[in-house]
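Quick look at structure-v7.txt (compact mmCIF, C-alpha atoms):
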```
# COMPACT_ATOMS: atom_id res chain seq x y z
CA MET A 1 69.76 11.99 -13.80
CA ALA A 2 66.16 12.27 -12.62
CA GLU A 3 65.13 10.27 -15.65
CA ILE A 4 67.59 7.49 -14.87
CA LEU A 5 66.40 7.41 -11.28
CA ASP A 6 62.83 7.28 -12.51
CA THR A 7 63.61 4.33 -14.76
CA PHE A 8 65.89 2.25 -12.56
CA PHE A 9 64.79 3.20 -9.09
CA ASN A 10 61.18 4.21 -9.28
CA ILE A 11 60.02 4.37 -5.65
CA GLU A 12 56.36 4.21 -6.57
CA ILE A 13 56.82 1.01 -8.57
CA LEU A 14 59.12 -0.40 -5.91
CA LEU A 15 56.46 0.03 -3.23
CA ARG A 16 53.91 -1.62 -5.47
CA VAL A 17 55.96 -4.75 -6.17
CA LEU A 18 57.69 -4.98 -2.80
CA PRO A 19 55.25 -7.43 -1.12
CA PHE A 20 55.59 -9.75 -4.11
CA MET A 21 59.39 -9.49 -4.05
CA LEU A 22 59.51 -10.17 -0.31
CA GLU A 23 57.61 -13.40 -0.96
CA GLY A 24 60.35 -14.27 -3.45
CA LEU A 25 62.99 -13.44 -0.88
CA GLY A 26 61.25 -15.78 1.55
CA MET A 27 61.47 -18.58 -1.01
CA THR A 28 65.16 -17.83 -1.62
CA LEU A 29 65.84 -18.04 2.13
CA LEU A 30 63.90 -21.31 2.34
CA LEU A 31 65.92 -22.68 -0.59
CA CYS A 32 69.16 -21.73 1.16
CA ALA A 33 67.97 -23.27 4.42
CA ILE A 34 67.46 -26.56 2.57
CA THR A 35 70.22 -26.67 -0.04
CA ILE A 36 73.13 -25.65 2.21
CA PRO A 37 72.55 -28.34 4.89
CA ILE A 38 71.89 -30.95 2.17
CA GLY A 39 75.12 -30.00 0.39
CA LEU A 40 77.15 -29.94 3.61
CA ALA A 41 75.80 -33.32 4.74
CA GLY A 42 76.41 -34.86 1.32
CA GLY A 43 79.92 -33.43 1.17
CA LEU A 44 80.71 -34.67 4.65
CA ALA A 45 79.50 -38.12 3.67
CA VAL A 46 81.68 -38.10 0.52
CA ALA A 47 84.77 -37.02 2.48
CA TRP A 48 84.08 -39.53 5.26
CA VAL A 49 83.74 -42.46 2.89
CA TRP A 50 86.87 -41.26 1.08
CA SER A 51 88.83 -41.27 4.35
CA LEU A 52 88.14 -45.02 4.75
CA LYS A 53 90.64 -45.44 1.89
CA LYS A 54 88.93 -48.28 0.06
CA ARG A 55 90.68 -48.10 -3.29
CA TYR A 56 87.79 -48.88 -5.66
CA VAL A 57 85.33 -46.83 -3.65
CA ASN A 58 87.68 -43.87 -3.86
CA TRP A 59 88.02 -44.19 -7.61
CA ALA A 60 84.25 -44.09 -7.84
CA LEU A 61 84.22 -41.00 -5.61
CA VAL A 62 86.77 -39.18 -7.81
CA VAL A 63 84.60 -39.95 -10.84
CA TYR A 64 81.49 -38.73 -8.97
CA VAL A 65 83.14 -35.51 -7.83
CA ASP A 66 84.77 -34.71 -11.20
CA PHE A 67 81.55 -35.55 -13.04
CA PHE A 68 79.43 -33.10 -11.09
CA ARG A 69 82.13 -30.44 -11.04
CA ALA A 70 82.31 -30.59 -14.84
CA PHE A 71 78.53 -30.42 -15.19
CA PRO A 72 76.97 -26.93 -15.19
CA PRO A 73 74.40 -26.87 -12.36
CA LEU A 74 71.79 -25.39 -14.69
CA VAL A 75 72.15 -28.36 -17.06
CA LEU A 76 71.79 -30.72 -14.12
CA LEU A 77 68.65 -28.94 -12.93
CA ILE A 78 67.08 -28.98 -16.41
CA PHE A 79 67.92 -32.64 -16.81
CA VAL A 80 66.34 -33.51 -13.47
CA TYR A 81 63.28 -31.32 -13.92
CA PHE A 82 62.46 -31.74 -17.62
CA GLY A 83 64.05 -35.15 -18.22
CA LEU A 84 62.86 -37.35 -15.38
CA PRO A 85 59.10 -36.89 -16.04
CA PHE A 86 59.68 -38.78 -19.32
CA VAL A 87 60.39 -41.92 -17.31
CA GLY A 88 57.38 -41.35 -15.10
CA LEU A 89 59.15 -39.49 -12.28
CA ASP A 90 57.20 -36.27 -11.88
CA LEU A 91 59.04 -33.93 -9.57
CA SER A 92 57.92 -30.64 -8.08
CA PRO A 93 60.27 -27.75 -8.93
CA PHE A 94 61.33 -27.72 -5.31
CA ALA A 95 62.26 -31.41 -5.27
CA ALA A 96 64.14 -31.03 -8.57
CA VAL A 97 66.17 -28.14 -7.16
CA ALA A 98 66.90 -30.11 -3.99
CA ILE A 99 68.16 -33.13 -5.96
CA ALA A 100 70.27 -31.03 -8.35
CA PHE A 101 71.82 -29.12 -5.46
CA LEU A 102 72.50 -32.30 -3.49
CA LEU A 103 74.50 -33.70 -6.42
CA ASN A 104 76.30 -30.46 -7.28
CA ALA A 105 77.01 -28.99 -3.85
CA SER A 106 77.98 -32.30 -2.25
CA SER A 107 80.80 -32.77 -4.76
CA TYR A 108 82.22 -29.31 -4.09
CA TYR A 109 81.80 -29.56 -0.31
CA GLY A 110 83.18 -33.12 -0.46
CA GLU A 111 86.34 -31.91 -2.16
CA ILE A 112 86.77 -29.19 0.49
CA PHE A 113 86.19 -31.53 3.46
CA ARG A 114 88.58 -34.04 1.89
CA ALA A 115 91.33 -31.40 1.74
CA GLY A 116 90.54 -30.50 5.35
CA ILE A 117 90.75 -34.10 6.58
CA GLU A 118 94.04 -34.52 4.70
CA SER A 119 95.43 -31.41 6.39
CA VAL A 120 95.09 -32.94 9.88
CA PRO A 121 98.43 -34.58 10.82
CA HIS A 122 98.45 -38.36 11.03
CA GLY A 123 99.68 -38.24 14.63
CA GLN A 124 96.26 -36.89 15.64
CA TRP A 125 94.63 -40.09 14.36
CA GLU A 126 97.16 -42.31 16.07
CA ALA A 127 97.02 -40.48 19.39
CA ALA A 128 93.23 -40.54 19.40
CA ARG A 129 93.09 -44.22 18.50
CA ALA A 130 95.74 -45.04 21.14
CA SER A 131 93.68 -43.29 23.80
CA GLY A 132 90.89 -45.79 23.12
CA LEU A 133 88.57 -43.81 20.84
CA SER A 134 86.96 -45.81 18.04
CA ARG A 135 87.52 -44.83 14.40
CA PHE A 136 84.12 -43.15 14.36
CA GLN A 137 84.80 -41.19 17.53
CA THR A 138 88.27 -40.18 16.29
CA MET A 139 86.77 -38.78 13.12
CA LEU A 140 83.90 -37.03 14.86
CA TYR A 141 85.64 -35.56 17.91
CA VAL A 142 89.29 -35.17 16.86
CA VAL A 143 89.76 -34.94 13.10
CA LEU A 144 86.63 -33.20 11.81
CA PRO A 145 86.74 -30.20 14.18
CA GLN A 146 90.34 -29.46 13.14
CA ALA A 147 89.63 -30.19 9.48
CA THR A 148 86.64 -27.83 9.45
CA ARG A 149 88.71 -25.09 11.05
CA ASN A 150 91.45 -25.47 8.46
CA VAL A 151 89.12 -25.14 5.48
CA LEU A 152 86.67 -22.64 6.96
CA PRO A 153 87.40 -19.94 4.34
CA ASP A 154 86.74 -22.42 1.52
CA LEU A 155 83.54 -23.58 3.19
CA ILE A 156 82.30 -20.01 3.49
CA GLY A 157 83.32 -19.31 -0.11
CA ASN A 158 81.45 -22.33 -1.41
CA THR A 159 78.39 -21.52 0.68
CA LEU A 160 78.39 -18.08 -0.93
CA GLU A 161 78.44 -19.79 -4.34
CA VAL A 162 75.53 -22.07 -3.34
CA VAL A 163 73.44 -19.08 -2.26
CA LYS A 164 74.19 -17.31 -5.56
CA LEU A 165 73.31 -20.51 -7.40
CA THR A 166 69.77 -20.59 -5.96
CA THR A 167 68.95 -18.02 -8.70
CA ILE A 168 68.90 -20.84 -11.28
CA ALA A 169 65.75 -22.15 -9.59
CA SER A 170 63.98 -19.33 -11.46
CA VAL A 171 64.48 -21.38 -14.65
CA VAL A 172 62.13 -24.10 -13.40
CA ALA A 173 59.59 -21.44 -12.37
CA LEU A 174 60.23 -21.73 -8.67
CA GLY A 175 59.12 -18.36 -7.30
CA GLU A 176 62.35 -17.23 -5.67
CA LEU A 177 63.66 -13.66 -5.57
CA LEU A 178 65.00 -13.42 -9.12
CA HIS A 179 61.91 -15.09 -10.56
CA ALA A 180 59.66 -12.69 -8.68
CA ALA A 181 61.74 -9.73 -9.89
CA ARG A 182 61.57 -10.79 -13.54
CA LEU A 183 57.85 -11.40 -13.34
CA ALA A 184 57.31 -8.01 -11.72
CA GLN A 185 59.53 -6.33 -14.33
CA SER A 186 57.52 -7.74 -17.20
CA LEU A 187 54.23 -6.70 -15.52
CA VAL A 188 55.17 -3.08 -14.79
CA TYR A 189 57.46 -2.73 -17.82
CA ASN A 190 60.18 -1.09 -15.76
CA PRO A 191 63.54 -2.50 -14.59
CA THR A 192 63.18 -1.27 -10.98
CA PRO A 193 62.26 -4.76 -9.63
CA ILE A 194 65.45 -6.28 -11.14
CA VAL A 195 67.60 -3.51 -9.69
CA ALA A 196 65.89 -3.97 -6.32
CA ALA A 197 66.55 -7.73 -6.44
CA ALA A 198 70.23 -7.06 -7.18
CA LEU A 199 70.39 -4.71 -4.19
CA ILE A 200 68.77 -7.32 -1.94
CA TYR A 201 71.31 -9.92 -3.04
CA LEU A 202 74.09 -7.40 -2.39
CA ALA A 203 72.75 -6.60 1.07
CA PHE A 204 72.79 -10.27 2.03
CA LEU A 205 75.98 -11.40 0.31
CA TRP A 206 78.28 -8.40 0.59
CA PRO A 207 79.00 -9.08 4.30
CA ALA A 208 79.95 -12.65 3.35
CA VAL A 209 82.36 -11.36 0.68
CA ARG A 210 83.91 -9.01 3.26
CA LEU A 211 84.26 -11.85 5.77
CA LEU A 212 85.91 -13.98 3.10
CA ARG A 213 88.34 -11.21 2.22
CA HIS A 214 89.26 -10.92 5.90
CA PHE A 215 90.00 -14.67 6.06
CA GLU A 216 92.02 -14.59 2.83
CA HIS A 217 94.21 -11.74 4.03
CA ARG A 218 94.77 -13.38 7.40
CA HIS A 219 95.78 -16.51 5.56
CA LEU A 220 98.31 -14.52 3.52
CA VAL A 221 99.81 -12.91 6.60
CA ALA A 222 99.99 -16.25 8.41
CA ARG A 223 102.09 -17.70 5.60
CA MET B 1 62.00 -54.47 -15.09
CA ASP B 2 62.88 -55.17 -18.71
CA ASN B 3 60.07 -52.91 -19.75
CA GLY B 4 61.29 -50.11 -17.49
CA LEU B 5 64.79 -50.35 -18.93
CA GLU B 6 63.40 -50.23 -22.44
CA ARG B 7 61.43 -47.13 -21.59
CA LEU B 8 64.53 -45.52 -20.11
CA VAL B 9 66.58 -46.25 -23.23
CA PHE B 10 63.77 -45.05 -25.47
CA ALA B 11 63.47 -41.82 -23.50
CA PHE B 12 67.07 -40.86 -22.90
CA PHE B 13 69.16 -42.78 -25.45
CA ASN B 14 66.96 -42.79 -28.51
CA ALA B 15 69.40 -43.22 -31.42
CA GLU B 16 66.94 -42.04 -34.06
CA ILE B 17 66.14 -38.80 -32.26
CA ALA B 18 69.80 -38.31 -31.37
CA ALA B 19 70.81 -38.53 -35.03
CA GLU B 20 68.05 -36.10 -36.00
CA TRP B 21 68.92 -33.41 -33.48
CA ALA B 22 72.70 -33.78 -33.20
CA PRO B 23 73.44 -31.02 -35.77
CA LYS B 24 71.37 -28.54 -33.76
CA ILE B 25 73.20 -29.43 -30.55
CA LEU B 26 76.51 -29.13 -32.38
CA GLU B 27 75.63 -25.58 -33.38
CA GLY B 28 75.11 -24.89 -29.68
CA VAL B 29 78.48 -26.43 -28.90
CA TRP B 30 80.24 -23.91 -31.13
CA VAL B 31 78.39 -21.01 -29.52
CA THR B 32 79.31 -22.30 -26.04
CA ILE B 33 82.97 -22.69 -27.01
CA LEU B 34 83.04 -19.26 -28.64
CA VAL B 35 81.48 -17.48 -25.62
CA SER B 36 83.74 -19.39 -23.23
CA LEU B 37 86.92 -18.43 -25.09
CA ALA B 38 85.82 -14.80 -25.37
CA VAL B 39 84.98 -14.68 -21.64
CA VAL B 40 88.31 -16.22 -20.62
CA ALA B 41 90.27 -13.81 -22.85
CA THR B 42 88.58 -10.57 -21.80
CA GLY B 43 87.97 -11.61 -18.19
CA LEU B 44 91.57 -12.56 -17.50
CA ALA B 45 92.95 -9.54 -19.38
CA LEU B 46 90.73 -7.11 -17.45
CA GLY B 47 91.53 -8.88 -14.16
CA LEU B 48 95.28 -8.63 -14.79
CA ALA B 49 95.00 -4.97 -15.79
CA LEU B 50 93.06 -4.15 -12.60
CA ALA B 51 95.52 -6.06 -10.39
CA ALA B 52 98.45 -4.23 -11.98
CA LEU B 53 96.67 -0.90 -11.60
CA ARG B 54 96.01 -1.68 -7.94
CA ALA B 55 99.76 -2.15 -7.39
CA TYR B 56 100.25 1.58 -8.03
CA ARG B 57 98.22 2.16 -4.85
CA PHE B 58 96.27 5.28 -5.84
CA ARG B 59 93.83 5.49 -2.99
CA ALA B 60 90.71 6.51 -4.93
CA VAL B 61 91.41 4.06 -7.77
CA ASN B 62 91.92 1.20 -5.33
CA ALA B 63 88.68 1.97 -3.50
CA ALA B 64 86.87 1.81 -6.84
CA ILE B 65 88.55 -1.50 -7.76
CA VAL B 66 87.67 -3.04 -4.40
CA ALA B 67 84.06 -1.91 -4.76
CA PHE B 68 83.86 -3.37 -8.28
CA VAL B 69 85.32 -6.69 -7.13
CA ASP B 70 83.11 -6.92 -4.04
CA ILE B 71 79.93 -6.22 -5.99
CA LEU B 72 80.66 -8.74 -8.73
CA ARG B 73 81.68 -11.38 -6.21
CA ALA B 74 78.45 -10.87 -4.27
CA LEU B 75 76.00 -10.72 -7.19
CA PRO B 76 74.80 -14.02 -8.70
CA PRO B 77 76.04 -14.15 -12.35
CA LEU B 78 72.49 -14.80 -13.55
CA VAL B 79 71.38 -11.52 -11.96
CA VAL B 80 74.18 -9.67 -13.79
CA ILE B 81 73.17 -11.22 -17.10
CA ILE B 82 69.52 -10.34 -16.56
CA ILE B 83 70.34 -6.75 -15.61
CA LEU B 84 72.45 -6.27 -18.74
CA PHE B 85 69.92 -7.96 -21.00
CA PHE B 86 66.59 -6.74 -19.61
CA ALA B 87 67.45 -3.45 -17.87
CA PHE B 88 69.95 -1.82 -20.23
CA PRO B 89 67.54 -1.54 -23.17
CA TYR B 90 65.67 1.04 -21.04
CA LEU B 91 68.80 3.22 -21.42
CA ASP B 92 68.59 2.74 -25.18
CA LEU B 93 71.49 0.34 -24.86
CA PRO B 94 70.01 -2.91 -26.12
CA MET B 95 72.38 -5.84 -26.10
CA SER B 96 72.33 -9.09 -28.00
CA ALA B 97 72.14 -12.24 -25.88
CA PHE B 98 75.72 -12.96 -26.87
CA THR B 99 76.99 -9.54 -25.76
CA ALA B 100 75.07 -9.64 -22.48
CA THR B 101 76.32 -13.13 -21.59
CA TRP B 102 79.88 -12.43 -22.67
CA LEU B 103 80.09 -9.07 -20.90
CA SER B 104 78.49 -10.31 -17.64
CA LEU B 105 80.68 -13.36 -17.32
CA SER B 106 83.79 -11.37 -18.32
CA LEU B 107 83.12 -8.86 -15.54
CA VAL B 108 82.53 -11.66 -13.01
CA LEU B 109 85.71 -13.48 -14.06
CA ALA B 110 87.68 -10.20 -14.02
CA ALA B 111 86.57 -9.54 -10.42
CA PHE B 112 87.67 -12.98 -9.21
CA ALA B 113 90.90 -12.90 -11.26
CA GLU B 114 91.82 -9.45 -9.93
CA GLU B 115 91.40 -10.69 -6.37
CA ILE B 116 93.49 -13.81 -6.98
CA TRP B 117 96.25 -11.94 -8.81
CA TRP B 118 96.35 -9.18 -6.21
CA ALA B 119 96.88 -11.84 -3.53
CA GLY B 120 99.71 -13.20 -5.72
CA ILE B 121 101.32 -9.75 -6.05
CA LEU B 122 101.19 -9.33 -2.27
CA ALA B 123 102.77 -12.75 -1.82
CA VAL B 124 105.89 -11.84 -3.83
CA PRO B 125 108.56 -11.01 -1.20
CA ARG B 126 109.44 -7.33 -0.76
CA GLY B 127 113.08 -8.12 -1.48
CA GLN B 128 112.16 -8.85 -5.07
CA TRP B 129 110.77 -5.32 -5.45
CA GLU B 130 113.79 -3.77 -3.77
CA ALA B 131 116.35 -5.79 -5.72
CA ALA B 132 114.67 -5.00 -9.04
CA ARG B 133 114.39 -1.29 -8.27
CA SER B 134 118.04 -1.12 -7.14
CA THR B 135 119.18 -2.59 -10.48
CA GLY B 136 117.67 0.48 -12.09
CA LEU B 137 114.30 -0.86 -13.26
CA GLY B 138 111.43 1.61 -12.97
CA PHE B 139 108.23 0.83 -11.05
CA GLY B 140 106.32 -0.31 -14.13
CA ALA B 141 109.21 -2.45 -15.36
CA THR B 142 109.61 -4.06 -11.91
CA LEU B 143 105.91 -4.85 -11.83
CA GLY B 144 105.80 -6.15 -15.40
CA TYR B 145 109.06 -8.09 -15.62
CA VAL B 146 109.75 -9.19 -12.03
CA VAL B 147 106.66 -9.23 -9.83
CA LEU B 148 103.76 -10.16 -12.14
CA PRO B 149 105.47 -13.21 -13.70
CA GLN B 150 106.02 -14.66 -10.22
CA ALA B 151 102.57 -13.67 -9.01
CA VAL B 152 100.85 -15.19 -12.04
CA ARG B 153 102.76 -18.42 -11.65
CA MET B 154 101.90 -18.74 -7.97
CA THR B 155 98.19 -18.24 -8.57
CA VAL B 156 97.64 -20.72 -11.39
CA PRO B 157 95.72 -23.38 -9.38
CA PRO B 158 93.02 -21.13 -7.85
CA LEU B 159 92.73 -19.30 -11.14
CA VAL B 160 92.13 -22.50 -13.11
CA ASN B 161 89.33 -23.48 -10.73
CA ARG B 162 87.70 -20.09 -11.10
CA VAL B 163 88.00 -20.11 -14.89
CA ILE B 164 86.25 -23.49 -14.99
CA ALA B 165 83.48 -22.26 -12.67
CA VAL B 166 82.84 -19.11 -14.69
CA THR B 167 82.94 -20.75 -18.12
CA LYS B 168 80.38 -23.30 -16.90
CA GLY B 169 78.21 -20.23 -16.36
CA THR B 170 77.84 -19.86 -20.14
CA ALA B 171 74.87 -22.23 -19.66
CA LEU B 172 73.12 -19.28 -17.98
CA GLY B 173 73.03 -17.60 -21.40
CA SER B 174 70.11 -19.90 -22.22
CA VAL B 175 67.94 -17.74 -19.92
CA VAL B 176 68.33 -14.81 -22.35
CA ALA B 177 67.86 -17.16 -25.32
CA LEU B 178 71.51 -17.36 -26.35
CA SER B 179 71.54 -20.34 -28.70
CA GLU B 180 74.16 -22.30 -26.76
CA ILE B 181 73.99 -25.98 -25.77
CA VAL B 182 71.28 -25.74 -23.09
CA SER B 183 68.80 -23.70 -25.06
CA GLN B 184 69.38 -25.73 -28.25
CA ALA B 185 68.96 -28.97 -26.29
CA SER B 186 65.86 -27.94 -24.39
CA SER B 187 64.09 -26.53 -27.43
CA ALA B 188 65.00 -29.70 -29.36
CA ALA B 189 63.68 -31.81 -26.48
CA SER B 190 60.34 -30.05 -26.49
CA LEU B 191 60.07 -30.19 -30.30
CA ALA B 192 60.94 -33.88 -30.36
CA GLY B 193 58.81 -34.68 -27.32
CA ASN B 194 61.68 -36.77 -26.02
CA PRO B 195 64.53 -35.90 -23.63
CA THR B 196 67.28 -37.51 -25.74
CA PRO B 197 68.52 -34.07 -26.92
CA LEU B 198 69.03 -33.21 -23.24
CA THR B 199 71.23 -36.29 -22.93
CA LEU B 200 73.17 -35.10 -25.98
CA GLY B 201 73.57 -31.66 -24.44
CA ALA B 202 74.78 -33.16 -21.17
CA ALA B 203 77.23 -35.36 -23.09
CA ALA B 204 78.47 -32.29 -24.97
CA TYR B 205 79.17 -30.51 -21.68
CA LEU B 206 81.05 -33.51 -20.35
CA ALA B 207 83.06 -33.69 -23.59
CA ILE B 208 84.03 -30.04 -23.19
CA PHE B 209 84.55 -29.78 -19.44
CA VAL B 210 85.84 -33.16 -18.23
CA PRO B 211 89.14 -32.63 -20.13
CA VAL B 212 89.31 -29.12 -18.65
CA VAL B 213 88.73 -30.40 -15.09
CA VAL B 214 91.32 -33.17 -15.58
CA LEU B 215 93.74 -30.62 -17.05
CA GLY B 216 93.03 -28.42 -14.03
CA ARG B 217 93.95 -31.27 -11.64
CA TRP B 218 97.15 -31.83 -13.61
CA ILE B 219 98.08 -28.13 -13.60
CA GLU B 220 97.44 -28.01 -9.85
CA THR B 221 99.94 -30.79 -9.15
CA ARG B 222 102.35 -29.45 -11.77
CA PHE B 223 102.57 -26.07 -10.06
CA ALA B 224 102.32 -27.41 -6.51
CA TRP B 225 106.09 -27.62 -5.93
CA LYS B 226 106.35 -23.84 -6.05
CA ARG B 227 104.77 -23.46 -2.61
```

Translate this structure into structure tokens?
Amino acid sequence: MAEILDTFFNIEILLRVLPFMLEGLGMTLLLCAITIPIGLAGGLAVAWVWSLKKRYVNWALVVYVDFFRAFPPLVLLIFVYFGLPFVGLDLSPFAAVAIAFLLNASSYYGEIFRAGIESVPHGQWEAARASGLSRFQTMLYVVLPQATRNVLPDLIGNTLEVVKLTTIASVVALGELLHAARLAQSLVYNPTPIVAAALIYLAFLWPAVRLLRHFEHRHLVAR
Amino acid sequence: MDNGLERLVFAFFNAEIAAEWAPKILEGVWVTILVSLAVVATGLALGLALAALRAYRFRAVNAAIVAFVDILRALPPLVVIIILFFAFPYLDLPMSAFTATWLSLSLVLAAFAEEIWWAGILAVPRGQWEAARSTGLGFGATLGYVVLPQAVRMTVPPLVNRVIAVTKGTALGSVVALSEIVSQASSAASLAGNPTPLTLGAAAYLAIFVPVVVLGRWIETRFAWKR
């Protein structure tokens, strides 16, 4: 037991690598602070354009959404980061991650917002339009607030996935939490940094999983 | 402009390089398909077993199942893969890249599947339990022949989405040097000094997953009437 503790949770090593890991955590938080709003805004834009019901535009949107849902995010990131320099577009790892996440997350968020907008009864549109609101105002003040409420569990669930996905940034050598942990592990030749990183992820994401469970069960009872 | 287009075609759609490296990518395709099928089989089986076990409502067992599910839903799959691959050898339990990827993704899929199927079991009306028990079926028989078939049917759409999401995660195996599509394509790209193999790899993913996503959309509408 003591041996296992010494290998996987060596306090001495933990204290030594902690400042380095906290830097990684900072980068992970920064990544989240950028990728989540980008994804949400992109998804909202997709759903909004879709709600205009222009037939050919919507076909293009279905292709866009299905394309990026079928594409593993890691492949997308590698394509953007290692592929684009060949045509003279040199991107920083950070910019590559931002672009890959915009494309990937916006298609998932778009699909969720679309379902939300569809779930708002048509009478809401008509009533709002009849009261003199423009299309834009109807969407912004009447439909979207209800739509967002209806799909809130899915939005939280997808946001959780986006946060978990930031770990792939380690592949393009962006110094986020997992990258820092792996580097530290190979330097001290001990798995404590990886275990610590897992615990940090758990500490941040477990409350979100709990919240999600609460929503799911309420949803079941409501039905 | 013409020059730029030529450069783009030369870089990403270079027929000569594509022909040279296609066999290597194809090898990766088989590995990806093999890992994906293995993950779906073990992940779904373990998830179903856990959901059925949870229906017996042993308090301690259920607490353990909930903890397992919560942890694997909260941990990024890449972190799970890296723990199995880089940390377990310290316990004298070294794993091949294939085993680490397969086991990690199976556990993640099992956690999500358990949660989805448990929600399905709860959604089967109580009357079904009572009617089945009153016809003389035991608890296990009621669960296996009456409740689970209905629960599984009800939960097909969310399950399909989750299966797609987790099998796409096989790409993460490239981080531990599993010779699947991504790692074959990126090593080919650096050997060839040209990103065309990456294009091939991307095309391979689309060839595998676009039919699955389309099939998923179809299954969703096919089972929609049930609700």

* Got a sec: who's within 7 Å of region 72-79 of chain A, counting all atoms listed in the file, leaving out chain neighbours fewer than 6 positions off, as a list in words? -> Ala96, Val97, Ala100, Asn104 and Ile168 of chain A; Lys168, Gly169, Ala171, Val182, Leu198 and Ala202 of chain B

* Could you list, as a list in words, the residues of chain B having an atom within 6 Å of chain A when counting all atoms listed in the file? => Ala74, Pro76, Ala87, Lys168, Pro195, Phe209 and Val210 of chain B

Got time to write the residues from that selection, C-alpha atoms, as an mmCIF file, in the frame of the given file?
```cif
data_model
loop_
_atom_site.group_PDB
_atom_site.id
_atom_site.type_symbol
_atom_site.label_atom_id
_atom_site.label_comp_id
_atom_site.auth_asym_id
_atom_site.auth_seq_id
_atom_site.Cartn_x
_atom_site.Cartn_y
_atom_site.Cartn_z
ATOM 1 C CA ALA B 74 78.450 -10.870 -4.270
ATOM 2 C CA PRO B 76 74.800 -14.020 -8.700
ATOM 3 C CA ALA B 87 67.450 -3.450 -17.870
ATOM 4 C CA LYS B 168 80.380 -23.300 -16.900
ATOM 5 C CA PRO B 195 64.530 -35.900 -23.630
ATOM 6 C CA PHE B 209 84.550 -29.780 -19.440
ATOM 7 C CA VAL B 210 85.840 -33.160 -18.230
#
```

* Best match for closeness to Glu27 (chain B) among B:Ala192, B:Ala63, B:Ala185, B:Leu215, counting all atoms listed in the file ->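 Nearest to Glu27 (chain B): B:Ala185.
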
* To do: Mind checking which residues fall within 7 Å of Met21 (chain A), counting only C-alpha atoms, ignoring those fewer than 6 positions away in the same chain, and posting them as a list of chain:residue names?
  =>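 The neighbour list is A:Leu177, A:Ala180, A:Ala181.
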
Next, dump the selected residues to file, keeping only C-alpha atoms, as an mmCIF file, in the frame of the given file.
```cif
data_model
loop_
_atom_site.group_PDB
_atom_site.id
_atom_site.type_symbol
_atom_site.label_atom_id
_atom_site.label_comp_id
_atom_site.auth_asym_id
_atom_site.auth_seq_id
_atom_site.Cartn_x
_atom_site.Cartn_y
_atom_site.Cartn_z
ATOM 1 C CA LEU A 177 63.660 -13.660 -5.570
ATOM 2 C CA ALA A 180 59.660 -12.690 -8.680
ATOM 3 C CA ALA A 181 61.740 -9.730 -9.890
#
```

All file atoms of region 46-59 of chain B boxed axis-aligned, 6 Å per side, centre plus edges, as lines of an AutoDock Vina configuration file:
```
center_x = 95.5
center_y = -1.7
center_z = -10.2
size_x = 21.5
size_y = 26.4
size_z = 26.5
```

* To do: Work out how far apart CA of Glu115 (chain B) and CA of Phe88 (chain B) are and give it in Å to one decimal.
  =>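 We find that CA of Glu115 (chain B) and CA of Phe88 (chain B) lie 27.0 Å from each other.
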
* **Point-to-point distance from CA of Ala45 (chain A) to CA of Glu176 (chain A), Å rounded to tenths** =>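 That distance, rounded to one decimal, is 28.6 Å.
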
* Just the residues within 12 Å of Pro121 (chain A), please, counting only C-alpha atoms, with nothing from its chain fewer than 5 positions along; format it as a ChimeraX atom specification. => /A:115-116,126-128,142-144,146-147,150

* Residue with smallest distance to Leu84 (chain B) - pool B:Trp102, B:Trp30, B:Tyr205, B:Trp21, counting only C-alpha atoms -> B:Trp102

* For Ala60 (chain A), work out the shell of residues within 12 Å, counting all atoms listed in the file and skipping chain neighbours fewer than 5 positions away, then give it as JSON, numbers by chain. => {"A": [46, 49, 50, 53, 54, 55, 65, 66, 67]}

* Residue among B:Ile181, B:Ile17, B:Ala151, B:Val40 lying closest to Ala204 (chain B), counting only C-alpha atoms ->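 Closest to Ala204 (chain B) of all the choices is B:Ile181.
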
* So how many Å separate CA of Leu103 (chain B) and CA of Val35 (chain B), to one decimal? -> 9.7 Å

* Residue contacts of Ser107 (chain A) (10 Å, all atoms listed in the file) excluding same-chain residues fewer than 2 positions away, as JSON, numbers by chain -> {"A": [39, 40, 42, 43, 44, 46, 47, 61, 62, 64, 65, 66, 67, 68, 69, 101, 102, 103, 104, 105, 109, 110, 111, 112, 113]}

* Once you count only C-alpha atoms, which residues end up no further than 12 Å from (100.6, -17.1, -12.0) in the file's frame, shown as a ChimeraX atom specification? -> /B:44,48,113-114,116-121,123-124,147-160,219-220,223-224,226

Complete region 154-158 of chain B at the level of N, CA and C atoms, written as a PDB file, in the coordinates of the input.
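Saved file out_27.pdb follows:
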```
ATOM      1  N   MET B 154     102.333 -18.246  -9.279  1.00  0.00           N
ATOM      2  CA  MET B 154     101.900 -18.740  -7.970  1.00  0.00           C
ATOM      3  C   MET B 154     100.396 -18.979  -7.922  1.00  0.00           C
ATOM      4  N   THR B 155      99.646 -18.208  -8.730  1.00  0.00           N
ATOM      5  CA  THR B 155      98.190 -18.240  -8.570  1.00  0.00           C
ATOM      6  C   THR B 155      97.508 -19.104  -9.629  1.00  0.00           C
ATOM      7  N   VAL B 156      98.267 -19.919 -10.333  1.00  0.00           N
ATOM      8  CA  VAL B 156      97.640 -20.720 -11.390  1.00  0.00           C
ATOM      9  C   VAL B 156      96.538 -21.654 -10.866  1.00  0.00           C
ATOM     10  N   PRO B 157      96.786 -22.436  -9.781  1.00  0.00           N
ATOM     11  CA  PRO B 157      95.720 -23.380  -9.380  1.00  0.00           C
ATOM     12  C   PRO B 157      94.386 -22.732  -9.028  1.00  0.00           C
ATOM     13  N   PRO B 158      94.343 -21.700  -8.141  1.00  0.00           N
ATOM     14  CA  PRO B 158      93.020 -21.130  -7.850  1.00  0.00           C
ATOM     15  C   PRO B 158      92.389 -20.487  -9.081  1.00  0.00           C
TER      16      PRO B 158
END
```
